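Worksheet: one structure, shown below.
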Amino acid sequence: MATVTAGMVKELRQRTGVGMMDCKKALITANGAMEQAIDDLRKASGLKAAKKASRVAAEGIVLTKIAEDGNFGVVVEVNSETDFAALDENFLKFAQQALELAYSNKEADVEGLLNAGLEDSRQALVQKIGENINLRRVDRVQFDDANRGIVESYVHNNNRIAVLIALQGGDESLARDIAMHIAAVNPMVVRAEEVPKDVLAKESEIYSAQARASGKPEEIIEKMISGRLRKFIAEVSLRDQPFVKDPDIKVSDLLAEAGADVVKFVRFEVGEGIEKEEVDFAQEVAAQVKGSASNGAEAP
């Protein structure tokens, strides 16, 4: 009997979209043979889900929910293959189910939520609408009882962008204004010192190459590099950005005036970071016609 490792189970789940326990059982039955396990799963009730799971799901929606006391909030992203499916009533019900489960089970990650019963609903939805459906990510913003603050959200562009923000001081109106700013401007961090070192190193390398191509003296080059880095840091740091509703002031000025500060923010945008294949519809149709003709079929 071949050993079935956690890595094998994870790979099978990624390739098929079937639940972890079903993947493990399939691998044990197939004596560790990955392709055989896939064939077995395709023959079972997960047929359509297994076939669709390799297709890119980069459409969908983001949803948020805030606790009544304003001290806790959650955001989820649920993906589909097409924007049409993202409007389907059954898809929207599943997304709401995912949000409610993430809200009630505050410690669960994506895998935990799927294992808590959401995976069965996902599989059933895939079977019903014929597209790959994913709960892609979940995040939370929360204050404890000893350190209370304001948690607010902002959802933009038909649930395409969602922001959660934790504000210490100020009020709900200010929190919402800054959440709206984050949705529009997309900062990387709250404060300049939080920009990751690897990001700064990469930017510095780029600016160095650009500056040295100018042929200027070394001391001028160093000043050019440091100046561009300072500008980059200001552009990606929330507190240093011009406020989107009044560019004459910075976000930090707005916060200072209210005696407030941003503790944390989370920004989800549907499909961000997912490589989506661009399909030329005309070429796709031409290829289908050519394939039909080569098989002896009459082209339409």
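Ligands are numbered from 1 in the order shown, residues from 1 within each chain, and chains are lettered A, B, ... in the order they appear in the structure tokens.
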Can you list, as a list in words, every protein, DNA or RNA residue that comes within 10 Å of A:Asp88 when you count only C-alpha atoms, leaving out same-chain residues fewer than 5 positions away?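 That gives Asp83, Lys93 and Ile129 of chain A.
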Could you list, as a PyMOL selection string, every residue within 8 Å of stretch 172-177 of chain A, counting only C-alpha atoms and ignoring same-chain residues fewer than 2 positions away? chain A and resi 150-154+165-167+170+179-181
Take the residues from that selection and write them out as an mmCIF file, in the first residue's frame, keeping C-alpha atoms.
data_model
loop_
_atom_site.group_PDB
_atom_site.id
_atom_site.type_symbol
_atom_site.label_atom_id
_atom_site.label_comp_id
_atom_site.auth_asym_id
_atom_site.auth_seq_id
_atom_site.Cartn_x
_atom_site.Cartn_y
_atom_site.Cartn_z
ATOM 1 C CA ILE A 150 -14.469 51.566 15.233
ATOM 2 C CA VAL A 151 -14.638 48.928 12.504
ATOM 3 C CA GLU A 152 -16.223 50.194 9.298
ATOM 4 C CA SER A 153 -16.538 48.935 5.722
ATOM 5 C CA TYR A 154 -16.994 50.315 2.242
ATOM 6 C CA ILE A 165 -10.885 49.499 8.369
ATOM 7 C CA ALA A 166 -10.123 49.610 12.093
ATOM 8 C CA LEU A 167 -10.023 53.167 13.455
ATOM 9 C CA GLY A 170 -12.791 59.556 15.334
ATOM 10 C CA ALA A 179 -12.283 53.288 3.722
ATOM 11 C CA MET A 180 -13.588 54.961 0.550
ATOM 12 C CA HIS A 181 -10.148 56.516 0.005
#
If you run DSSP on this backbone, which residues of stretch 79-271 of chain A come out as helix (DSSP H, G or I), and could you give them as an mmCIF file with N, CA and C atoms, in the first residue's frame?
data_model
loop_
_atom_site.group_PDB
_atom_site.id
_atom_site.type_symbol
_atom_site.label_atom_id
_atom_site.label_comp_id
_atom_site.auth_asym_id
_atom_site.auth_seq_id
_atom_site.Cartn_x
_atom_site.Cartn_y
_atom_site.Cartn_z
ATOM 1 N N ALA A 85 -22.244 34.406 -14.181
ATOM 2 C CA ALA A 85 -22.511 33.476 -13.077
ATOM 3 C C ALA A 85 -22.521 34.205 -11.738
ATOM 4 N N ALA A 86 -21.719 35.272 -11.627
ATOM 5 C CA ALA A 86 -21.641 36.032 -10.377
ATOM 6 C C ALA A 86 -22.948 36.760 -10.071
ATOM 7 N N LEU A 87 -23.843 36.854 -11.064
ATOM 8 C CA LEU A 87 -25.146 37.482 -10.857
ATOM 9 C C LEU A 87 -26.237 36.452 -10.572
ATOM 10 N N GLU A 89 -28.605 33.893 -8.836
ATOM 11 C CA GLU A 89 -29.193 33.900 -7.492
ATOM 12 C C GLU A 89 -28.571 32.832 -6.596
ATOM 13 N N ASN A 90 -28.291 31.664 -7.156
ATOM 14 C CA ASN A 90 -27.701 30.580 -6.362
ATOM 15 C C ASN A 90 -26.273 30.913 -5.954
ATOM 16 N N PHE A 91 -25.530 31.562 -6.859
ATOM 17 C CA PHE A 91 -24.169 31.994 -6.524
ATOM 18 C C PHE A 91 -24.203 33.018 -5.396
ATOM 19 N N LEU A 92 -25.103 33.973 -5.476
ATOM 20 C CA LEU A 92 -25.207 35.013 -4.459
ATOM 21 C C LEU A 92 -25.599 34.428 -3.107
ATOM 22 N N LYS A 93 -26.451 33.415 -3.111
ATOM 23 C CA LYS A 93 -26.823 32.745 -1.866
ATOM 24 C C LYS A 93 -25.622 32.038 -1.251
ATOM 25 N N PHE A 94 -24.808 31.404 -2.096
ATOM 26 C CA PHE A 94 -23.610 30.722 -1.597
ATOM 27 C C PHE A 94 -22.631 31.729 -1.015
ATOM 28 N N ALA A 95 -22.441 32.858 -1.715
ATOM 29 C CA ALA A 95 -21.527 33.887 -1.220
ATOM 30 C C ALA A 95 -22.000 34.423 0.130
ATOM 31 N N GLN A 96 -23.299 34.609 0.269
ATOM 32 C CA GLN A 96 -23.847 35.086 1.547
ATOM 33 C C GLN A 96 -23.666 34.039 2.631
ATOM 34 N N GLN A 97 -23.829 32.771 2.274
ATOM 35 C CA GLN A 97 -23.605 31.679 3.218
ATOM 36 C C GLN A 97 -22.155 31.671 3.702
ATOM 37 N N ALA A 98 -21.218 31.885 2.776
ATOM 38 C CA ALA A 98 -19.803 31.939 3.129
ATOM 39 C C ALA A 98 -19.524 33.104 4.079
ATOM 40 N N LEU A 99 -20.141 34.258 3.791
ATOM 41 C CA LEU A 99 -19.950 35.434 4.641
ATOM 42 C C LEU A 99 -20.482 35.184 6.044
ATOM 43 N N GLU A 100 -21.671 34.622 6.151
ATOM 44 C CA GLU A 100 -22.275 34.387 7.464
ATOM 45 C C GLU A 100 -21.461 33.385 8.274
ATOM 46 N N LEU A 101 -20.936 32.360 7.605
ATOM 47 C CA LEU A 101 -20.130 31.365 8.296
ATOM 48 C C LEU A 101 -18.810 31.972 8.759
ATOM 49 N N ALA A 102 -18.199 32.802 7.924
ATOM 50 C CA ALA A 102 -16.957 33.479 8.302
ATOM 51 C C ALA A 102 -17.196 34.442 9.461
ATOM 52 N N TYR A 103 -18.373 35.042 9.488
ATOM 53 C CA TYR A 103 -18.711 35.982 10.562
ATOM 54 C C TYR A 103 -18.913 35.255 11.893
ATOM 55 N N SER A 104 -19.624 34.128 11.851
ATOM 56 C CA SER A 104 -19.936 33.406 13.081
ATOM 57 C C SER A 104 -18.745 32.623 13.611
ATOM 58 N N VAL A 110 -9.990 29.866 5.116
ATOM 59 C CA VAL A 110 -10.753 29.320 3.995
ATOM 60 C C VAL A 110 -10.941 27.813 4.141
ATOM 61 N N GLU A 111 -9.863 27.104 4.442
ATOM 62 C CA GLU A 111 -9.946 25.648 4.565
ATOM 63 C C GLU A 111 -10.883 25.254 5.695
ATOM 64 N N GLY A 112 -10.792 25.995 6.799
ATOM 65 C CA GLY A 112 -11.658 25.707 7.933
ATOM 66 C C GLY A 112 -13.123 25.919 7.604
ATOM 67 N N LEU A 113 -13.423 26.967 6.850
ATOM 68 C CA LEU A 113 -14.807 27.238 6.472
ATOM 69 C C LEU A 113 -15.336 26.172 5.523
ATOM 70 N N LEU A 114 -14.495 25.743 4.587
ATOM 71 C CA LEU A 114 -14.910 24.683 3.659
ATOM 72 C C LEU A 114 -15.179 23.391 4.411
ATOM 73 N N ASN A 115 -14.315 23.080 5.355
ATOM 74 C CA ASN A 115 -14.476 21.858 6.139
ATOM 75 C C ASN A 115 -15.650 21.936 7.104
ATOM 76 N N ALA A 116 -16.125 23.159 7.375
ATOM 77 C CA ALA A 116 -17.247 23.344 8.297
ATOM 78 C C ALA A 116 -18.592 23.185 7.592
ATOM 79 N N GLY A 117 -18.585 22.677 6.390
ATOM 80 C CA GLY A 117 -19.818 22.406 5.668
ATOM 81 C C GLY A 117 -19.988 23.180 4.379
ATOM 82 N N LEU A 118 -19.136 24.175 4.161
ATOM 83 C CA LEU A 118 -19.273 25.005 2.970
ATOM 84 C C LEU A 118 -18.868 24.261 1.699
ATOM 85 N N GLU A 119 -17.980 23.277 1.829
ATOM 86 C CA GLU A 119 -17.512 22.550 0.652
ATOM 87 C C GLU A 119 -18.644 21.796 -0.040
ATOM 88 N N ASP A 120 -19.548 21.220 0.752
ATOM 89 C CA ASP A 120 -20.685 20.508 0.151
ATOM 90 C C ASP A 120 -21.551 21.471 -0.652
ATOM 91 N N SER A 121 -21.747 22.668 -0.107
ATOM 92 C CA SER A 121 -22.541 23.674 -0.813
ATOM 93 C C SER A 121 -21.832 24.133 -2.083
ATOM 94 N N ARG A 122 -20.524 24.253 -2.006
ATOM 95 C CA ARG A 122 -19.741 24.668 -3.176
ATOM 96 C C ARG A 122 -19.847 23.627 -4.285
ATOM 97 N N GLN A 123 -19.683 22.375 -3.908
ATOM 98 C CA GLN A 123 -19.769 21.297 -4.898
ATOM 99 C C GLN A 123 -21.146 21.266 -5.563
ATOM 100 N N ALA A 124 -22.188 21.437 -4.752
ATOM 101 C CA ALA A 124 -23.538 21.413 -5.299
ATOM 102 C C ALA A 124 -23.755 22.582 -6.264
ATOM 103 N N LEU A 125 -23.193 23.737 -5.939
ATOM 104 C CA LEU A 125 -23.330 24.904 -6.806
ATOM 105 C C LEU A 125 -22.578 24.707 -8.117
ATOM 106 N N VAL A 126 -21.389 24.124 -8.056
ATOM 107 C CA VAL A 126 -20.627 23.834 -9.268
ATOM 108 C C VAL A 126 -21.424 22.910 -10.176
ATOM 109 N N GLN A 127 -22.030 21.894 -9.580
ATOM 110 C CA GLN A 127 -22.849 20.972 -10.354
ATOM 111 C C GLN A 127 -24.029 21.691 -11.000
ATOM 112 N N LYS A 128 -24.617 22.634 -10.275
ATOM 113 C CA LYS A 128 -25.836 23.288 -10.731
ATOM 114 C C LYS A 128 -25.593 24.286 -11.850
ATOM 115 N N ILE A 129 -24.560 25.149 -11.695
ATOM 116 C CA ILE A 129 -24.389 26.211 -12.694
ATOM 117 C C ILE A 129 -23.275 25.919 -13.696
ATOM 118 N N GLU A 172 -17.693 57.046 12.883
ATOM 119 C CA GLU A 172 -18.019 56.160 11.763
ATOM 120 C C GLU A 172 -17.908 56.883 10.427
ATOM 121 N N SER A 173 -18.265 58.155 10.405
ATOM 122 C CA SER A 173 -18.196 58.922 9.166
ATOM 123 C C SER A 173 -16.750 59.043 8.672
ATOM 124 N N LEU A 174 -15.843 59.329 9.592
ATOM 125 C CA LEU A 174 -14.427 59.421 9.231
ATOM 126 C C LEU A 174 -13.904 58.064 8.765
ATOM 127 N N ALA A 175 -14.280 57.015 9.480
ATOM 128 C CA ALA A 175 -13.835 55.666 9.114
ATOM 129 C C ALA A 175 -14.306 55.309 7.712
ATOM 130 N N ARG A 176 -15.533 55.668 7.398
ATOM 131 C CA ARG A 176 -16.074 55.351 6.071
ATOM 132 C C ARG A 176 -15.379 56.171 4.991
ATOM 133 N N ASP A 177 -15.095 57.431 5.277
ATOM 134 C CA ASP A 177 -14.388 58.274 4.306
ATOM 135 C C ASP A 177 -13.005 57.705 3.985
ATOM 136 N N ILE A 178 -12.306 57.250 5.009
ATOM 137 C CA ILE A 178 -10.969 56.705 4.778
ATOM 138 C C ILE A 178 -11.053 55.349 4.091
ATOM 139 N N ALA A 179 -12.074 54.559 4.426
ATOM 140 C CA ALA A 179 -12.283 53.288 3.722
ATOM 141 C C ALA A 179 -12.550 53.543 2.241
ATOM 142 N N MET A 180 -13.316 54.590 1.940
ATOM 143 C CA MET A 180 -13.588 54.961 0.550
ATOM 144 C C MET A 180 -12.287 55.373 -0.150
ATOM 145 N N HIS A 181 -11.449 56.121 0.548
ATOM 146 C CA HIS A 181 -10.148 56.516 0.005
ATOM 147 C C HIS A 181 -9.311 55.285 -0.317
ATOM 148 N N ILE A 182 -9.285 54.322 0.590
ATOM 149 C CA ILE A 182 -8.495 53.100 0.392
ATOM 150 C C ILE A 182 -8.998 52.333 -0.827
ATOM 151 N N ALA A 183 -10.322 52.275 -0.988
ATOM 152 C CA ALA A 183 -10.894 51.590 -2.154
ATOM 153 C C ALA A 183 -10.433 52.246 -3.444
ATOM 154 N N ALA A 184 -10.378 53.580 -3.464
ATOM 155 C CA ALA A 184 -10.040 54.314 -4.675
ATOM 156 C C ALA A 184 -8.549 54.331 -4.973
ATOM 157 N N VAL A 185 -7.722 54.505 -3.942
ATOM 158 C CA VAL A 185 -6.289 54.758 -4.141
ATOM 159 C C VAL A 185 -5.428 53.508 -3.964
ATOM 160 N N ALA A 192 4.655 54.608 6.527
ATOM 161 C CA ALA A 192 5.841 54.473 5.673
ATOM 162 C C ALA A 192 6.771 53.372 6.139
ATOM 163 N N GLU A 193 6.953 53.261 7.459
ATOM 164 C CA GLU A 193 7.901 52.265 7.986
ATOM 165 C C GLU A 193 7.416 50.835 7.813
ATOM 166 N N GLU A 194 6.177 50.647 7.374
ATOM 167 C CA GLU A 194 5.631 49.306 7.192
ATOM 168 C C GLU A 194 5.848 48.764 5.783
ATOM 169 N N LYS A 197 10.720 45.384 3.294
ATOM 170 C CA LYS A 197 12.098 45.624 2.856
ATOM 171 C C LYS A 197 12.369 45.057 1.466
ATOM 172 N N ASP A 198 11.751 43.912 1.156
ATOM 173 C CA ASP A 198 11.991 43.327 -0.161
ATOM 174 C C ASP A 198 11.390 44.194 -1.273
ATOM 175 N N VAL A 199 10.277 44.876 -0.975
ATOM 176 C CA VAL A 199 9.676 45.793 -1.945
ATOM 177 C C VAL A 199 10.597 46.986 -2.170
ATOM 178 N N LEU A 200 11.144 47.524 -1.073
ATOM 179 C CA LEU A 200 12.061 48.658 -1.188
ATOM 180 C C LEU A 200 13.323 48.271 -1.951
ATOM 181 N N ALA A 201 13.821 47.052 -1.698
ATOM 182 C CA ALA A 201 15.024 46.597 -2.388
ATOM 183 C C ALA A 201 14.788 46.484 -3.887
ATOM 184 N N LYS A 202 13.630 45.983 -4.253
ATOM 185 C CA LYS A 202 13.303 45.839 -5.674
ATOM 186 C C LYS A 202 13.174 47.199 -6.347
ATOM 187 N N GLU A 203 12.475 48.127 -5.686
ATOM 188 C CA GLU A 203 12.316 49.471 -6.242
ATOM 189 C C GLU A 203 13.660 50.175 -6.353
ATOM 190 N N SER A 204 14.504 50.000 -5.334
ATOM 191 C CA SER A 204 15.832 50.624 -5.335
ATOM 192 C C SER A 204 16.676 50.116 -6.499
ATOM 193 N N GLU A 205 16.562 48.831 -6.776
ATOM 194 C CA GLU A 205 17.304 48.236 -7.897
ATOM 195 C C GLU A 205 16.849 48.829 -9.229
ATOM 196 N N ILE A 206 15.542 49.015 -9.361
ATOM 197 C CA ILE A 206 14.999 49.594 -10.591
ATOM 198 C C ILE A 206 15.444 51.040 -10.750
ATOM 199 N N TYR A 207 15.316 51.818 -9.674
ATOM 200 C CA TYR A 207 15.698 53.229 -9.742
ATOM 201 C C TYR A 207 17.193 53.384 -9.985
ATOM 202 N N SER A 208 17.985 52.472 -9.435
ATOM 203 C CA SER A 208 19.432 52.520 -9.617
ATOM 204 C C SER A 208 19.796 52.330 -11.087
ATOM 205 N N ALA A 209 19.151 51.349 -11.713
ATOM 206 C CA ALA A 209 19.419 51.094 -13.131
ATOM 207 C C ALA A 209 19.005 52.282 -13.985
ATOM 208 N N GLN A 210 17.868 52.878 -13.655
ATOM 209 C CA GLN A 210 17.387 54.031 -14.407
ATOM 210 C C GLN A 210 18.327 55.225 -14.244
ATOM 211 N N ALA A 211 18.763 55.449 -12.998
ATOM 212 C CA ALA A 211 19.619 56.607 -12.720
ATOM 213 C C ALA A 211 20.981 56.469 -13.380
ATOM 214 N N ARG A 212 21.550 55.263 -13.333
ATOM 215 C CA ARG A 212 22.878 55.061 -13.914
ATOM 216 C C ARG A 212 22.859 55.149 -15.440
ATOM 217 N N GLU A 218 28.175 59.801 -9.665
ATOM 218 C CA GLU A 218 27.686 58.861 -8.657
ATOM 219 C C GLU A 218 26.934 59.561 -7.526
ATOM 220 N N GLU A 219 27.451 60.711 -7.066
ATOM 221 C CA GLU A 219 26.777 61.384 -5.949
ATOM 222 C C GLU A 219 25.394 61.900 -6.349
ATOM 223 N N ILE A 220 25.245 62.285 -7.601
ATOM 224 C CA ILE A 220 23.932 62.714 -8.099
ATOM 225 C C ILE A 220 23.001 61.505 -8.222
ATOM 226 N N ILE A 221 23.579 60.399 -8.676
ATOM 227 C CA ILE A 221 22.794 59.169 -8.834
ATOM 228 C C ILE A 221 22.205 58.726 -7.500
ATOM 229 N N GLU A 222 23.029 58.763 -6.438
ATOM 230 C CA GLU A 222 22.561 58.342 -5.116
ATOM 231 C C GLU A 222 21.410 59.225 -4.640
ATOM 232 N N LYS A 223 21.500 60.515 -4.914
ATOM 233 C CA LYS A 223 20.426 61.429 -4.527
ATOM 234 C C LYS A 223 19.157 61.149 -5.338
ATOM 235 N N MET A 224 19.336 60.809 -6.608
ATOM 236 C CA MET A 224 18.185 60.478 -7.447
ATOM 237 C C MET A 224 17.470 59.238 -6.915
ATOM 238 N N ILE A 225 18.255 58.230 -6.536
ATOM 239 C CA ILE A 225 17.684 56.978 -6.030
ATOM 240 C C ILE A 225 16.919 57.219 -4.734
ATOM 241 N N SER A 226 17.548 57.918 -3.789
ATOM 242 C CA SER A 226 16.894 58.160 -2.500
ATOM 243 C C SER A 226 15.647 59.019 -2.663
ATOM 244 N N GLY A 227 15.696 59.987 -3.587
ATOM 245 C CA GLY A 227 14.538 60.838 -3.821
ATOM 246 C C GLY A 227 13.365 60.066 -4.390
ATOM 247 N N ARG A 228 13.648 59.181 -5.324
ATOM 248 C CA ARG A 228 12.582 58.376 -5.929
ATOM 249 C C ARG A 228 12.001 57.380 -4.931
ATOM 250 N N LEU A 229 12.863 56.847 -4.055
ATOM 251 C CA LEU A 229 12.378 55.925 -3.026
ATOM 252 C C LEU A 229 11.444 56.641 -2.060
ATOM 253 N N ARG A 230 11.814 57.853 -1.654
ATOM 254 C CA ARG A 230 10.957 58.616 -0.752
ATOM 255 C C ARG A 230 9.592 58.877 -1.397
ATOM 256 N N LYS A 231 9.617 59.207 -2.669
ATOM 257 C CA LYS A 231 8.364 59.461 -3.387
ATOM 258 C C LYS A 231 7.515 58.199 -3.462
ATOM 259 N N PHE A 232 8.149 57.059 -3.758
ATOM 260 C CA PHE A 232 7.434 55.787 -3.843
ATOM 261 C C PHE A 232 6.788 55.445 -2.504
ATOM 262 N N ILE A 233 7.543 55.580 -1.410
ATOM 263 C CA ILE A 233 7.028 55.258 -0.080
ATOM 264 C C ILE A 233 5.821 56.117 0.259
ATOM 265 N N ALA A 234 5.896 57.406 -0.073
ATOM 266 C CA ALA A 234 4.774 58.310 0.196
ATOM 267 C C ALA A 234 3.549 57.921 -0.619
ATOM 268 N N GLU A 235 3.765 57.449 -1.836
ATOM 269 C CA GLU A 235 2.647 57.086 -2.711
ATOM 270 C C GLU A 235 1.909 55.842 -2.246
ATOM 271 N N VAL A 236 2.610 54.910 -1.583
ATOM 272 C CA VAL A 236 1.979 53.649 -1.182
ATOM 273 C C VAL A 236 1.579 53.609 0.289
ATOM 274 N N LEU A 238 -0.680 54.932 3.286
ATOM 275 C CA LEU A 238 -1.985 55.575 3.472
ATOM 276 C C LEU A 238 -1.870 56.954 4.111
ATOM 277 N N ARG A 239 -1.153 57.066 5.214
ATOM 278 C CA ARG A 239 -1.108 58.327 5.955
ATOM 279 C C ARG A 239 -0.476 59.460 5.139
ATOM 280 N N ASP A 240 0.395 59.124 4.189
ATOM 281 C CA ASP A 240 1.101 60.146 3.409
ATOM 282 C C ASP A 240 0.387 60.517 2.114
ATOM 283 N N VAL A 251 -4.038 62.301 4.335
ATOM 284 C CA VAL A 251 -4.853 61.471 5.220
ATOM 285 C C VAL A 251 -4.402 61.657 6.662
ATOM 286 N N SER A 252 -3.092 61.792 6.872
ATOM 287 C CA SER A 252 -2.575 61.987 8.230
ATOM 288 C C SER A 252 -3.124 63.268 8.857
ATOM 289 N N ASP A 253 -3.293 64.325 8.057
ATOM 290 C CA ASP A 253 -3.861 65.578 8.565
ATOM 291 C C ASP A 253 -5.318 65.379 8.977
ATOM 292 N N LEU A 254 -6.050 64.641 8.158
ATOM 293 C CA LEU A 254 -7.453 64.346 8.443
ATOM 294 C C LEU A 254 -7.582 63.585 9.761
ATOM 295 N N LEU A 255 -6.699 62.612 9.960
ATOM 296 C CA LEU A 255 -6.719 61.819 11.180
ATOM 297 C C LEU A 255 -6.339 62.659 12.398
ATOM 298 N N ALA A 256 -5.311 63.486 12.238
ATOM 299 C CA ALA A 256 -4.845 64.310 13.355
ATOM 300 C C ALA A 256 -5.937 65.276 13.816
ATOM 301 N N GLU A 257 -6.653 65.842 12.873
ATOM 302 C CA GLU A 257 -7.717 66.793 13.200
ATOM 303 C C GLU A 257 -8.804 66.148 14.054
ATOM 304 N N ALA A 258 -9.029 64.838 13.828
ATOM 305 C CA ALA A 258 -10.064 64.117 14.572
ATOM 306 C C ALA A 258 -9.503 63.375 15.781
#
Going by DSSP on the backbone, which bits of stretch 48-289 of chain A are strand (DSSP E)? Write them as a ChimeraX atom specification, please. /A:59-66,72-80,134-142,150-156,161-168,242-243,246-250,261-269
Report, in Å with one decimal, the straight-line distance from atom CA of A:Met8 to atom CA of A:Glu272. 27.5 Å
Do you have the atom CA of A:Pro196-atom CA of A:Ile61 distance handy?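 These two atoms are separated by 28.5 Å.
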